[in-house]
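File shown here: input.json, holding JSON, C-alpha atoms.
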[["chain", "number", "residue", "atom", "x", "y", "z"],
["A", 1, "MET", "CA", -22.43, 4.90, -21.70],
["A", 2, "SER", "CA", -21.85, 7.27, -18.80],
["A", 3, "ILE", "CA", -19.46, 6.07, -16.12],
["A", 4, "THR", "CA", -20.69, 6.42, -12.55],
["A", 5, "ALA", "CA", -19.17, 5.53, -9.19],
["A", 6, "ASN", "CA", -22.03, 3.06, -8.57],
["A", 7, "LEU", "CA", -21.35, 1.28, -11.86],
["A", 8, "LEU", "CA", -17.63, 1.03, -11.12],
["A", 9, "TYR", "CA", -18.29, -0.19, -7.58],
["A", 10, "ARG", "CA", -20.72, -2.91, -8.76],
["A", 11, "GLU", "CA", -18.37, -4.17, -11.46],
["A", 12, "ALA", "CA", -15.33, -4.08, -9.18],
["A", 13, "LYS", "CA", -17.31, -5.83, -6.43],
["A", 14, "ASN", "CA", -18.47, -8.61, -8.79],
["A", 15, "PHE", "CA", -14.95, -9.17, -10.14],
["A", 16, "PHE", "CA", -13.47, -9.15, -6.63],
["A", 17, "GLN", "CA", -16.09, -11.50, -5.14],
["A", 18, "ASN", "CA", -15.82, -14.00, -8.01],
["A", 19, "ARG", "CA", -12.03, -14.23, -7.52],
["A", 20, "ILE", "CA", -11.96, -13.65, -3.75],
["A", 21, "LEU", "CA", -9.92, -16.80, -3.08],
["A", 22, "ILE", "CA", -7.20, -15.65, -5.49],
["A", 23, "PHE", "CA", -7.06, -12.23, -3.83],
["A", 24, "ILE", "CA", -6.91, -13.78, -0.34],
["A", 25, "ILE", "CA", -4.04, -16.06, -1.36],
["A", 26, "ILE", "CA", -2.09, -13.19, -2.96],
["A", 27, "SER", "CA", -2.72, -10.91, 0.04],
["A", 28, "LEU", "CA", -1.70, -13.67, 2.48],
["A", 29, "LEU", "CA", 1.49, -14.62, 0.62],
["A", 30, "THR", "CA", 2.49, -10.96, 0.34],
["A", 31, "SER", "CA", 1.82, -10.56, 4.06],
["A", 32, "VAL", "CA", 4.03, -13.55, 4.89],
["A", 33, "VAL", "CA", 6.91, -11.98, 2.95],
["A", 34, "THR", "CA", 6.31, -8.68, 4.76],
["A", 35, "MET", "CA", 6.19, -10.38, 8.15],
["A", 36, "LEU", "CA", 9.44, -12.27, 7.51],
["A", 37, "LEU", "CA", 11.19, -9.06, 6.46],
["A", 38, "TYR", "CA", 9.86, -7.28, 9.54],
["A", 39, "TYR", "CA", 11.02, -9.99, 11.96],
["A", 40, "ILE", "CA", 14.45, -10.25, 10.31],
["A", 41, "PHE", "CA", 15.26, -6.55, 9.87],
["A", 42, "ALA", "CA", 12.91, -4.32, 11.89],
["A", 43, "LEU", "CA", 12.05, -6.28, 15.05],
["A", 44, "PRO", "CA", 15.56, -6.28, 16.63],
["A", 45, "ILE", "CA", 15.70, -2.47, 16.33],
["A", 46, "SER", "CA", 12.07, -2.13, 17.49],
["A", 47, "GLU", "CA", 12.81, -4.07, 20.69],
["A", 48, "LYS", "CA", 15.72, -1.76, 21.53],
["A", 49, "ILE", "CA", 13.50, 1.29, 21.00],
["A", 50, "ILE", "CA", 10.74, -0.18, 23.22],
["A", 51, "ILE", "CA", 13.21, -0.88, 26.04],
["A", 52, "PHE", "CA", 14.58, 2.67, 25.80],
["A", 53, "ASN", "CA", 11.09, 4.22, 25.77],
["A", 54, "LYS", "CA", 9.94, 2.20, 28.80],
["A", 55, "GLN", "CA", 12.87, 3.56, 30.77],
["A", 56, "GLN", "CA", 12.19, 7.16, 29.73],
["A", 57, "LEU", "CA", 8.37, 7.29, 29.77],
["A", 58, "LYS", "CA", 8.22, 6.99, 33.55],
["A", 59, "ASP", "CA", 8.94, 10.66, 34.07],
["A", 60, "SER", "CA", 9.17, 12.26, 30.62],
["A", 61, "SER", "CA", 6.87, 13.35, 27.83],
["A", 62, "LEU", "CA", 7.35, 12.14, 24.24],
["A", 63, "PHE", "CA", 8.83, 15.53, 23.24],
["A", 64, "GLU", "CA", 11.33, 15.42, 26.11],
["A", 65, "ILE", "CA", 12.31, 11.83, 25.21],
["A", 66, "ILE", "CA", 13.15, 12.83, 21.62],
["A", 67, "LYS", "CA", 14.93, 15.99, 22.81],
["A", 68, "ASN", "CA", 17.07, 14.09, 25.34],
["A", 69, "MET", "CA", 17.96, 11.25, 22.96],
["A", 70, "SER", "CA", 21.62, 10.68, 22.22],
["A", 71, "MET", "CA", 22.81, 10.69, 18.60],
["A", 72, "GLN", "CA", 23.02, 6.90, 18.77],
["A", 73, "ASP", "CA", 19.37, 6.61, 19.88],
["A", 74, "LYS", "CA", 18.23, 9.06, 17.18],
["A", 75, "SER", "CA", 20.20, 7.06, 14.61],
["A", 76, "LEU", "CA", 18.42, 3.91, 15.84],
["A", 77, "MET", "CA", 15.02, 5.57, 15.43],
["A", 78, "LEU", "CA", 15.93, 6.74, 11.93],
["A", 79, "ARG", "CA", 17.11, 3.26, 10.95],
["A", 80, "PHE", "CA", 13.86, 1.74, 12.20],
["A", 81, "PHE", "CA", 11.79, 4.30, 10.28],
["A", 82, "ILE", "CA", 13.73, 3.68, 7.03],
["A", 83, "ILE", "CA", 13.57, -0.12, 7.37],
["A", 84, "ASN", "CA", 9.87, -0.13, 8.32],
["A", 85, "THR", "CA", 8.98, 2.21, 5.43],
["A", 86, "SER", "CA", 11.01, 0.09, 3.00],
["A", 87, "ILE", "CA", 9.19, -3.07, 4.12],
["A", 88, "GLU", "CA", 5.82, -1.37, 3.62],
["A", 89, "LEU", "CA", 6.88, -0.24, 0.14],
["A", 90, "ILE", "CA", 8.05, -3.77, -0.72],
["A", 91, "ASN", "CA", 4.69, -5.16, 0.43],
["A", 92, "CYS", "CA", 2.80, -2.60, -1.65],
["A", 93, "SER", "CA", 5.02, -3.11, -4.71],
["A", 94, "ILE", "CA", 4.71, -6.91, -4.66],
["A", 95, "LEU", "CA", 0.93, -6.67, -4.29],
["A", 96, "TYR", "CA", 0.53, -4.12, -7.11],
["A", 97, "SER", "CA", 2.89, -6.00, -9.44],
["A", 98, "ILE", "CA", 1.03, -9.29, -9.03],
["A", 99, "ILE", "CA", -2.53, -7.95, -9.18],
["A", 100, "LEU", "CA", -1.98, -5.57, -12.12],
["A", 101, "ASN", "CA", -0.47, -8.46, -14.09],
["A", 102, "LEU", "CA", -3.17, -10.84, -12.84],
["A", 103, "ILE", "CA", -6.29, -8.87, -13.84],
["A", 104, "PRO", "CA", -5.81, -8.89, -17.65],
["A", 105, "VAL", "CA", -4.81, -12.58, -17.56],
["A", 106, "VAL", "CA", -7.92, -13.53, -15.55],
["A", 107, "VAL", "CA", -10.16, -11.47, -17.84],
["A", 108, "SER", "CA", -8.72, -13.21, -20.91],
["A", 109, "LYS", "CA", -9.06, -16.60, -19.11],
["A", 110, "LYS", "CA", -5.40, -17.51, -19.53],
["A", 111, "ASN", "CA", -3.14, -19.38, -17.12],
["A", 112, "PHE", "CA", -1.64, -16.87, -14.70],
["A", 113, "LEU", "CA", 0.98, -19.34, -13.46],
["A", 114, "SER", "CA", 2.69, -19.51, -16.84],
["A", 115, "PHE", "CA", 6.39, -18.63, -16.97],
["A", 116, "TYR", "CA", 5.68, -15.47, -18.98],
["A", 117, "ASN", "CA", 3.19, -14.04, -16.45],
["A", 118, "ILE", "CA", 5.37, -14.85, -13.46],
["A", 119, "ASN", "CA", 8.32, -13.26, -15.27],
["A", 120, "GLN", "CA", 6.23, -10.13, -15.94],
["A", 121, "CYS", "CA", 5.43, -9.81, -12.22],
["A", 122, "ILE", "CA", 9.11, -10.11, -11.32],
["A", 123, "LEU", "CA", 10.15, -7.58, -13.98],
["A", 124, "SER", "CA", 7.45, -5.12, -12.82],
["A", 125, "PHE", "CA", 8.62, -5.13, -9.21],
["A", 126, "PRO", "CA", 11.81, -2.93, -9.37],
["A", 127, "LYS", "CA", 10.06, -0.11, -11.26],
["A", 128, "MET", "CA", 6.98, -0.46, -9.07],
["A", 129, "PHE", "CA", 9.14, -0.11, -5.95],
["A", 130, "LEU", "CA", 10.83, 3.03, -7.31],
["A", 131, "LEU", "CA", 7.45, 4.48, -8.29],
["A", 132, "ASN", "CA", 6.01, 3.83, -4.83],
["A", 133, "PHE", "CA", 9.18, 5.18, -3.22],
["A", 134, "LEU", "CA", 8.99, 8.47, -5.13],
["A", 135, "ALA", "CA", 5.22, 8.80, -4.63],
["A", 136, "ASN", "CA", 5.62, 8.04, -0.90],
["A", 137, "ILE", "CA", 8.25, 10.79, -0.48],
["A", 138, "LEU", "CA", 5.95, 13.35, -2.12],
["A", 139, "ILE", "CA", 2.93, 12.17, -0.11],
["A", 140, "GLN", "CA", 4.84, 12.27, 3.20],
["A", 141, "LEU", "CA", 6.12, 15.77, 2.39],
["A", 142, "GLY", "CA", 2.52, 16.78, 1.70],
["A", 143, "PHE", "CA", 1.41, 15.47, 5.10],
["A", 144, "ILE", "CA", 4.30, 17.26, 6.84],
["A", 145, "ILE", "CA", 3.62, 20.60, 5.12],
["A", 146, "LEU", "CA", -0.12, 20.95, 5.61],
["A", 147, "PHE", "CA", -1.74, 17.44, 5.76],
["A", 148, "ILE", "CA", -4.22, 18.29, 2.94],
["A", 149, "PRO", "CA", -1.50, 18.10, 0.21],
["A", 150, "GLY", "CA", -0.70, 14.58, 1.49],
["A", 151, "ILE", "CA", -4.31, 13.48, 0.88],
["A", 152, "LEU", "CA", -4.29, 15.26, -2.50],
["A", 153, "PHE", "CA", -1.07, 13.54, -3.64],
["A", 154, "THR", "CA", -2.46, 10.16, -2.47],
["A", 155, "ILE", "CA", -5.47, 10.68, -4.74],
["A", 156, "LEU", "CA", -3.56, 12.12, -7.72],
["A", 157, "PHE", "CA", -0.93, 9.33, -7.76],
["A", 158, "SER", "CA", -3.45, 6.48, -7.27],
["A", 159, "MET", "CA", -3.55, 5.51, -10.97],
["A", 160, "SER", "CA", 0.23, 5.62, -11.54],
["A", 161, "PRO", "CA", 0.87, 1.86, -10.91],
["A", 162, "ILE", "CA", -1.69, 1.03, -13.62],
["A", 163, "PHE", "CA", 0.08, 3.26, -16.17],
["A", 164, "LEU", "CA", 3.43, 1.78, -15.16],
["A", 165, "VAL", "CA", 2.34, -1.83, -15.78],
["A", 166, "ASN", "CA", -0.26, -1.48, -18.53],
["A", 167, "ASP", "CA", 1.27, 1.29, -20.65],
["A", 168, "LYS", "CA", 4.87, 0.37, -19.81],
["A", 169, "SER", "CA", 5.36, 4.07, -19.05],
["A", 170, "GLY", "CA", 8.34, 5.45, -17.18],
["A", 171, "ILE", "CA", 8.06, 6.33, -13.49],
["A", 172, "ILE", "CA", 7.74, 10.10, -13.95],
["A", 173, "LYS", "CA", 5.41, 9.74, -16.92],
["A", 174, "SER", "CA", 3.20, 7.33, -14.94],
["A", 175, "LEU", "CA", 2.86, 9.90, -12.14],
["A", 176, "ILE", "CA", 2.07, 12.68, -14.63],
["A", 177, "ASN", "CA", -0.48, 10.56, -16.54],
["A", 178, "SER", "CA", -2.10, 9.59, -13.26],
["A", 179, "ASN", "CA", -2.42, 13.26, -12.31],
["A", 180, "PHE", "CA", -4.19, 14.13, -15.55],
["A", 181, "LEU", "CA", -6.53, 11.12, -15.50],
["A", 182, "VAL", "CA", -7.46, 11.49, -11.84],
["A", 183, "PHE", "CA", -8.05, 15.23, -12.19],
["A", 184, "LYS", "CA", -10.45, 14.63, -15.08],
["A", 185, "ASN", "CA", -12.33, 11.92, -13.15],
["A", 186, "ILE", "CA", -11.93, 13.23, -9.61],
["A", 187, "LYS", "CA", -15.58, 12.58, -8.63],
["A", 188, "LEU", "CA", -15.23, 8.88, -9.50],
["A", 189, "ILE", "CA", -11.96, 8.42, -7.62],
["A", 190, "ILE", "CA", -12.18, 10.53, -4.45],
["A", 191, "PRO", "CA", -14.96, 8.45, -2.76],
["A", 192, "VAL", "CA", -13.17, 5.09, -3.14],
["A", 193, "ILE", "CA", -9.80, 6.53, -2.03],
["A", 194, "ILE", "CA", -11.33, 8.16, 1.07],
["A", 195, "ILE", "CA", -13.28, 5.00, 1.95],
["A", 196, "SER", "CA", -10.17, 2.84, 1.59],
["A", 197, "LEU", "CA", -8.13, 5.23, 3.79],
["A", 198, "ILE", "CA", -10.85, 5.27, 6.47],
["A", 199, "SER", "CA", -11.11, 1.46, 6.30],
["A", 200, "LYS", "CA", -7.36, 1.14, 6.85],
["A", 201, "ILE", "CA", -7.46, 3.56, 9.80],
["A", 202, "ILE", "CA", -10.32, 1.59, 11.40],
["A", 203, "LEU", "CA", -8.38, -1.64, 10.80],
["A", 204, "LEU", "CA", -5.28, -0.15, 12.44],
["A", 205, "LEU", "CA", -7.27, 1.05, 15.47],
["A", 206, "PHE", "CA", -8.92, -2.36, 15.84],
["A", 207, "PHE", "CA", -5.63, -4.25, 15.87],
["A", 208, "THR", "CA", -4.02, -1.63, 18.12],
["A", 209, "ILE", "CA", -6.56, -2.32, 20.90],
["A", 210, "SER", "CA", -6.59, -6.11, 20.30],
["A", 211, "ILE", "CA", -3.83, -6.69, 22.86],
["A", 212, "HIS", "CA", -4.76, -10.34, 23.57],
["A", 213, "ILE", "CA", -3.71, -11.53, 20.10],
["A", 214, "PRO", "CA", -0.06, -12.65, 19.70],
["A", 215, "SER", "CA", 2.00, -10.06, 17.82],
["A", 216, "TYR", "CA", 2.89, -12.28, 14.86],
["A", 217, "ILE", "CA", -0.78, -13.19, 14.28],
["A", 218, "THR", "CA", -1.78, -9.53, 14.63],
["A", 219, "LEU", "CA", 0.82, -8.48, 12.04],
["A", 220, "LEU", "CA", -0.20, -11.24, 9.62],
["A", 221, "LEU", "CA", -3.94, -10.56, 9.92],
["A", 222, "PHE", "CA", -3.55, -6.80, 9.75],
["A", 223, "THR", "CA", -1.30, -6.89, 6.68],
["A", 224, "THR", "CA", -3.51, -9.44, 4.90],
["A", 225, "LEU", "CA", -6.71, -7.44, 5.47],
["A", 226, "ASN", "CA", -4.91, -4.23, 4.58],
["A", 227, "ASN", "CA", -3.76, -5.87, 1.34],
["A", 228, "LEU", "CA", -7.32, -6.98, 0.56],
["A", 229, "ILE", "CA", -8.53, -3.38, 0.88],
["A", 230, "SER", "CA", -5.72, -2.27, -1.44],
["A", 231, "SER", "CA", -6.58, -5.09, -3.85],
["A", 232, "PHE", "CA", -10.19, -3.95, -4.14],
["A", 233, "LEU", "CA", -9.01, -0.38, -4.71],
["A", 234, "ILE", "CA", -6.72, -1.57, -7.53],
["A", 235, "VAL", "CA", -9.58, -3.51, -9.16],
["A", 236, "TYR", "CA", -11.85, -0.44, -8.98],
["A", 237, "LEU", "CA", -9.23, 1.89, -10.48],
["A", 238, "TYR", "CA", -8.24, -0.65, -13.13],
["A", 239, "ARG", "CA", -11.88, -0.97, -14.22],
["A", 240, "LEU", "CA", -12.07, 2.82, -14.57],
["A", 241, "TYR", "CA", -8.85, 2.75, -16.62],
["A", 242, "MET", "CA", -10.28, 0.06, -18.94],
["A", 243, "LEU", "CA", -13.50, 2.03, -19.50],
["A", 244, "LEU", "CA", -11.59, 5.20, -20.35],
["A", 245, "TYR", "CA", -8.99, 3.64, -22.68]]
Let me see the file written as structure tokens.
Amino acid sequence: MSITANLLYREAKNFFQNRILIFIIISLLTSVVTMLLYYIFALPISEKIIIFNKQQLKDSSLFEIIKNMSMQDKSLMLRFFIINTSIELINCSILYSIILNLIPVVVSKKNFLSFYNINQCILSFPKMFLLNFLANILIQLGFIILFIPGILFTILFSMSPIFLVNDKSGIIKSLINSNFLVFKNIKLIIPVIIISLISKIILLLFFTISIHIPSYITLLLFTTLNNLISSFLIVYLYRLYMLLY
């Protein structure tokens, strides 16, 4: 049987729709954790940055603001960037760990809430975080260098969480295996990656202009919907993995 993007999309869509409530709950719970982390660690720094920028934006461009920043202000910006990135990686790692352990359990019609399955999710998280951290560094470097390498790394590393959880591979080996598998099946993977990236950009733009919604609701809704897009992408890629192995 030949594998096509349409076949993968239909099967992933059916699986996702039939378990949509489970995916919504997981996405929502992950978003709540993310929101709590943001309000505890990132918001206090964010408020200081906003106050500083409001004072400077009156008669300065963004470049001049950064240039005229004191070392303390630059340190504050760096701290916010590190904390915000870490929170995003935690969100992504929790989501991937749960869903990649959930899919085989659901397929085999077992109880996901058993101690063993919950323990597997917890054990998957540290390695998943390190994997996402390393992949994120390489992707960000790609975007800084020429933008196109960033997109390329995003595509090539997309299967690495599946190898990490399913094959129990190491972090480096998971990235390497993902590169080989994606390269061989690039036509099946590029469309869904690009569509998911575009969907997330549209989602970000929508919530950016929705100024009448309270910030905590905006953050919760945005993260939940963003997680649902990521969840569908995981299901699609996992189905491809199952057909190939």
Give me the residues near Ser97 (chain A) as an mmCIF file with C-alpha atoms, in the coordinates of the input, where near means some atom within 7 Å (using only C-alpha atoms) and where sequence neighbours in that chain fewer than 3 positions away do not count.
data_model
loop_
_atom_site.group_PDB
_atom_site.id
_atom_site.type_symbol
_atom_site.label_atom_id
_atom_site.label_comp_id
_atom_site.auth_asym_id
_atom_site.auth_seq_id
_atom_site.Cartn_x
_atom_site.Cartn_y
_atom_site.Cartn_z
ATOM 1 C CA SER A 93 5.020 -3.110 -4.710
ATOM 2 C CA ILE A 94 4.710 -6.910 -4.660
ATOM 3 C CA LEU A 100 -1.980 -5.570 -12.120
ATOM 4 C CA ASN A 101 -0.470 -8.460 -14.090
ATOM 5 C CA CYS A 121 5.430 -9.810 -12.220
ATOM 6 C CA SER A 124 7.450 -5.120 -12.820
ATOM 7 C CA PHE A 125 8.620 -5.130 -9.210
ATOM 8 C CA MET A 128 6.980 -0.460 -9.070
#
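Note that CA of Asn132 (chain A) and CA of Ala12 (chain A) are 23.2 Å apart.
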Legend entry - Atom-to-atom span, CA of Ser27 (chain A) and CA of Leu228 (chain A), Å: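 We find that CA of Ser27 (chain A) and CA of Leu228 (chain A) lie 6.1 Å from each other.
Separating CA of Leu164 (chain A) from CA of Lys127 (chain A) is a distance of 7.9 Å.
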Inset, instruction - Excluding Leu221 (chain A) and residues on its chain fewer than 3 positions from it, collect all residues at most 12 Å away from it, counting only C-alpha atoms, and give them as a ChimeraX atom specification. - result: /A:24,27-32,34-35,203-204,206-207,210,213-218,224-228
Saved selection, atoms kept: C-alpha atoms, as a PDB file, in the coordinates of the input:
ATOM      1  CA  ILE A  24      -6.910 -13.780  -0.340  1.00  0.00           C
ATOM      2  CA  SER A  27      -2.720 -10.910   0.040  1.00  0.00           C
ATOM      3  CA  LEU A  28      -1.700 -13.670   2.480  1.00  0.00           C
ATOM      4  CA  LEU A  29       1.490 -14.620   0.620  1.00  0.00           C
ATOM      5  CA  THR A  30       2.490 -10.960   0.340  1.00  0.00           C
ATOM      6  CA  SER A  31       1.820 -10.560   4.060  1.00  0.00           C
ATOM      7  CA  VAL A  32       4.030 -13.550   4.890  1.00  0.00           C
ATOM      8  CA  THR A  34       6.310  -8.680   4.760  1.00  0.00           C
ATOM      9  CA  MET A  35       6.190 -10.380   8.150  1.00  0.00           C
ATOM     10  CA  LEU A 203      -8.380  -1.640  10.800  1.00  0.00           C
ATOM     11  CA  LEU A 204      -5.280  -0.150  12.440  1.00  0.00           C
ATOM     12  CA  PHE A 206      -8.920  -2.360  15.840  1.00  0.00           C
ATOM     13  CA  PHE A 207      -5.630  -4.250  15.870  1.00  0.00           C
ATOM     14  CA  SER A 210      -6.590  -6.110  20.300  1.00  0.00           C
ATOM     15  CA  ILE A 213      -3.710 -11.530  20.100  1.00  0.00           C
ATOM     16  CA  PRO A 214      -0.060 -12.650  19.700  1.00  0.00           C
ATOM     17  CA  SER A 215       2.000 -10.060  17.820  1.00  0.00           C
ATOM     18  CA  TYR A 216       2.890 -12.280  14.860  1.00  0.00           C
ATOM     19  CA  ILE A 217      -0.780 -13.190  14.280  1.00  0.00           C
ATOM     20  CA  THR A 218      -1.780  -9.530  14.630  1.00  0.00           C
ATOM     21  CA  THR A 224      -3.510  -9.440   4.900  1.00  0.00           C
ATOM     22  CA  LEU A 225      -6.710  -7.440   5.470  1.00  0.00           C
ATOM     23  CA  ASN A 226      -4.910  -4.230   4.580  1.00  0.00           C
ATOM     24  CA  ASN A 227      -3.760  -5.870   1.340  1.00  0.00           C
ATOM     25  CA  LEU A 228      -7.320  -6.980   0.560  1.00  0.00           C
TER      26      LEU A 228
END
Inset, instruction - Rank A:Ala5, A:Leu78, A:Leu130, A:Met159 by their smallest atom-to-atom distance to Ser174 (chain A), using all atoms listed in the file, and report the top residue only. - result: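 So, comparing all the options, the nearest one is A:Met159.
For the choices A:Phe80, A:Leu131, A:Leu8, A:Ile209, the atom-to-atom distance to Gly170 (chain A) is smallest for A:Leu131 when using all atoms listed in the file.
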Interface rows for region 190-239 of chain A against region 151-158 of chain A: nearest pair, Å to one decimal, 10 Å, all atoms listed in the file, as CSV:
residue,atom,partner,partner_atom,distance
A:Ile190,CA,A:Ile155,CA,6.7
A:Pro191,CA,A:Ile155,CA,9.9
A:Val192,CA,A:Ile155,CA,9.6
A:Ile193,CA,A:Ile155,CA,6.6
A:Ile194,CA,A:Ile155,CA,8.6
A:Leu197,CA,A:Ile151,CA,9.5
A:Leu233,CA,A:Ser158,CA,9.2
A:Ile234,CA,A:Ser158,CA,8.7
A:Leu237,CA,A:Ser158,CA,8.0
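Using only C-alpha atoms, the nearest neighbour of Asn6 (chain A) within the list A:Ile26, A:Leu188, A:Ile195, A:Tyr116 is A:Leu188.
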Inset, instruction - Rank A:Arg79, A:Phe23, A:Val33, A:Lys13 by their smallest atom-to-atom distance to Ile45 (chain A), using all atoms listed in the file, and report the top residue only. - result: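 The shortest atom-to-atom distance to Ile45 (chain A) comes from A:Arg79.
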8 Å per side around region 147-154 of chain A: axis-aligned box centre and edge lengths, as JSON:
{"center_x": -2.5, "center_y": 14.2, "center_z": 1.1, "size_x": 19.6, "size_y": 24.1, "size_z": 25.4}
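If only C-alpha atoms are the atoms counted, then among A:Leu89, A:Lys168, A:Gly142, A:Glu11 the closest residue to Leu123 (chain A) is A:Lys168.
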